[in-house]
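Participant: Shown below is the structure under consideration.
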Amino acid sequence: MPLHLRFGQEDLLRCRFAISPLWETQEAIRTLRRPDRHGYHLPWLRRIRDAARGLDLAPVWLLMPQRGHTPDFLGPPPIGPAATFDEEIAALRATGPDEALRGITQSLACTPGAADTPLGRSLLAEPGRAVRELADLVEQAWHVLVEPEWPRLRALLEADVAHHSRRLAEVGLEGLLRELHPRVGWEPGTLTLTARASEHSRDLDGRGLVLLPSVFCWPDVVSGFEPPWQPTVAYPARGVGALWSAPAARAPDALANLLGRGRADVLCALAEPASTSALAHRLGRAPSSVSAHLAALRAAGLLSSRRHGHQVLYAQTPLGSALVTGDQGA
């Protein structure tokens with residue numbers, strides 16, 4: 001069944017992209033219990049299997065029904081385009097008890113009998129304590145499940161935002177929204193998401209929409225968030241299928257002979273935009289070395305750079321792309 005998000009004129013001016021380490025942590029927790037999400041993430045699941053056994057995530061899982069409501073305060077829309085985990089977990093910890101009780105009550109109602117379990121009764125009896133304990137568990141999960149992989153994840157998410165920002169300039173908002181996911185549709189003034197438990201319509205009321213690429217929500221597209229939060233659509237980021245693959249391949253010897261091995265590998269690794277730290281992680285090299293190569297390649301006109309939040313993203317220019325592919329007509 002569909003969810004209809006109705007846009008007004010002001011909403012069209014208040015759409016933005018964002019990246020959220022807190023959201024990825026919440027969805028990583030959910031993925032542990034969702035075999036239908038495991039396909040692309042098996043290498044990650046194998047790596048974190050032993051460490052994840054030390055996490056008691058039962059209180060968080062109880063608030064993550066297979067179909068239904070997860071409390072908005074557990075993973076609200078990010079407060080900026082590139083908020084840090086520390087900023088986001090501080091906002092979670094600031095959740096008031098009344099707000100927490102509403103979210104917990106709504107979530108437990110989605111699973112028959114959940115509110116009458118000892119854990120459910122405990123969460124309902126002291127929502128202020130529940131917020132503190134849930135925040136502690138989410139923070140532990142961040143350190144164990146997501147933080148060690150965050151440079152790789154952030155690079156993929158930033159590349160997705162860079163790609164869709166270019167598409168926004170090329171095809172406009174309507175064209176962009178149609179491309180996000182097969183379950184996302186657009187009719188004049190209304191964004192529709194299919195495959196929900198029930199049909200629902202919502203006016204954005206001038207709050208606009210956050211577009212949130214996500215690694216761990218694959219294959220789902222997710223929307224929600226009641227006031228005071230900005231409505232959000234989380235969708236699978238481009239390139240998830242290759243996320244856990246081996247490090248970037250070495251550049252061809254001919255290109256390495258021309259540019260030097262280090263610079264050639266950096267240039268070839270930038271098929272999608274990435275930051276210095278993400279490239280260093282991808283290539284297994286020191287950030288200082290990668291930074292020097294980036295500066296030289298940019299000075300030669302083979303790379304461009306642009307700022308995204310706290311990061312600078314590098315991408316191949318048409319000349320750099322032609323050099324990598326051997327396209328003599330470029």
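Please note that chains go A, B, ... in the order of the structure tokens, that every chain numbers its residues from 1, and that ligands are numbered from 1 in the order shown.
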Wanna dump the segment 42-75 of chain A-segment 35-38 of chain A contacts at 12 Å for me, each residue with its shortest atom pair and the distance in Å to one decimal, counting only C-alpha atoms, ordered by chain and number, as a Markdown table?
Facilitator:
```
| residue | atom | partner | partner_atom | distance |
| --- | --- | --- | --- | --- |
| A:Leu42 | CA | A:His38 | CA | 5.8 |
| A:Pro43 | CA | A:His38 | CA | 9.4 |
| A:Trp44 | CA | A:His38 | CA | 9.3 |
| A:Leu45 | CA | A:His38 | CA | 7.8 |
| A:Arg46 | CA | A:His38 | CA | 10.6 |
| A:Gln66 | CA | A:Asp36 | CA | 11.2 |
```
Participant: With DSSP run on the backbone, what are the strand (DSSP E) residues within segment 79-275 of chain A? I'd like them as a count of residues only.
Facilitator: 26
Participant: Determine which residues of segment 105-265 of chain A receive a DSSP assignment of helix (DSSP H, G or I), computed from the backbone, and state them as JSON, numbers by chain.
Facilitator: {"A": [105, 106, 107, 108, 114, 115, 116, 118, 119, 120, 121, 122, 123, 124, 125, 127, 128, 129, 130, 131, 132, 133, 134, 135, 136, 137, 138, 139, 140, 141, 142, 143, 144, 145, 146, 147, 148, 149, 150, 151, 152, 153, 154, 155, 156, 157, 158, 159, 160, 161, 162, 163, 164, 165, 166, 167, 168, 169, 170, 171, 172, 173, 174, 175, 176, 177, 178, 179, 240, 241, 242, 253, 254, 255, 256, 257, 258, 259, 261, 262, 263, 264, 265]}
Participant: Skipping near chain neighbours, those fewer than 5 positions away, what residues fall within 10 Å of segment 151-164 of chain A using only C-alpha atoms, listed as a count of residues only?
Facilitator: 51
Participant: Show me a table, sorted first by chain and then by increasing residue number, of the residues of segment 274-306 of chain A having an atom at most 10 Å from segment 251-264 of chain A, each with its shortest atom pair and the distance in Å to one decimal, counting only C-alpha atoms and written as a tab-separated table.
Facilitator:
```
residue	atom	partner	partner_atom	distance
A:Leu283	CA	A:Gly262	CA	9.7
A:Arg285	CA	A:Gly262	CA	9.3
A:Ser289	CA	A:Gly262	CA	8.3
A:Val290	CA	A:Gly262	CA	7.9
A:Ala292	CA	A:Arg263	CA	8.9
A:His293	CA	A:Arg263	CA	5.2
A:Leu294	CA	A:Arg263	CA	7.5
A:Ala295	CA	A:Arg263	CA	9.9
A:Ala296	CA	A:Arg263	CA	8.1
A:Leu297	CA	A:Arg263	CA	7.2
```
Participant: At a cut-off of 8 Å, can you tabulate as a Markdown table every residue of segment 127-226 of chain A near segment 86-93 of chain A together with its closest atom pair and the distance in Å to one decimal, using only C-alpha atoms and ordering rows by chain then number?
Facilitator:
```
| residue | atom | partner | partner_atom | distance |
| --- | --- | --- | --- | --- |
| A:Val131 | CA | A:Arg93 | CA | 6.4 |
| A:Arg132 | CA | A:Arg93 | CA | 6.2 |
| A:Ala135 | CA | A:Arg93 | CA | 6.2 |
| A:Glu139 | CA | A:Ile89 | CA | 7.3 |
```
Participant: To one decimal place, how far is atom CA of Arg202 of chain A from atom CA of Leu101 of chain A in Å?
Facilitator: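 Separating atom CA of Arg202 of chain A from atom CA of Leu101 of chain A is a distance of 22.9 Å.
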Participant: When you look at Ile29 of chain A with a cut-off of 9 Å (counting only C-alpha atoms), what residues show up, excluding the ones that are within fewer than 5 positions of it in the same chain? I need them as a list of chain:residue names.
Facilitator: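 Neighbouring residues, sequence-local ones excluded: A:Glu24, A:Leu57, A:Val60, A:Trp61, A:Val138, A:Ala141, A:Leu145.
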Participant: Record the distance separating atom CA of Pro2 of chain A and atom CA of Arg166 of chain A, expressed in Å with one decimal.
Facilitator: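 Separation between atom CA of Pro2 of chain A and atom CA of Arg166 of chain A: 28.2 Å.
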Participant: Nearest to Gly68 of chain A: which of A:Thr111, A:Ser122, A:Thr117, A:Gln316 is it, counting only C-alpha atoms?
Facilitator: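 For Gly68 of chain A, the nearest of the given residues is A:Thr111.
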Participant: So what do you get for atom CA of Gly189 of chain A versus atom CA of Asp11 of chain A, distance-wise?
Facilitator: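 Result for atom CA of Gly189 of chain A versus atom CA of Asp11 of chain A: 9.7 Å, one decimal.
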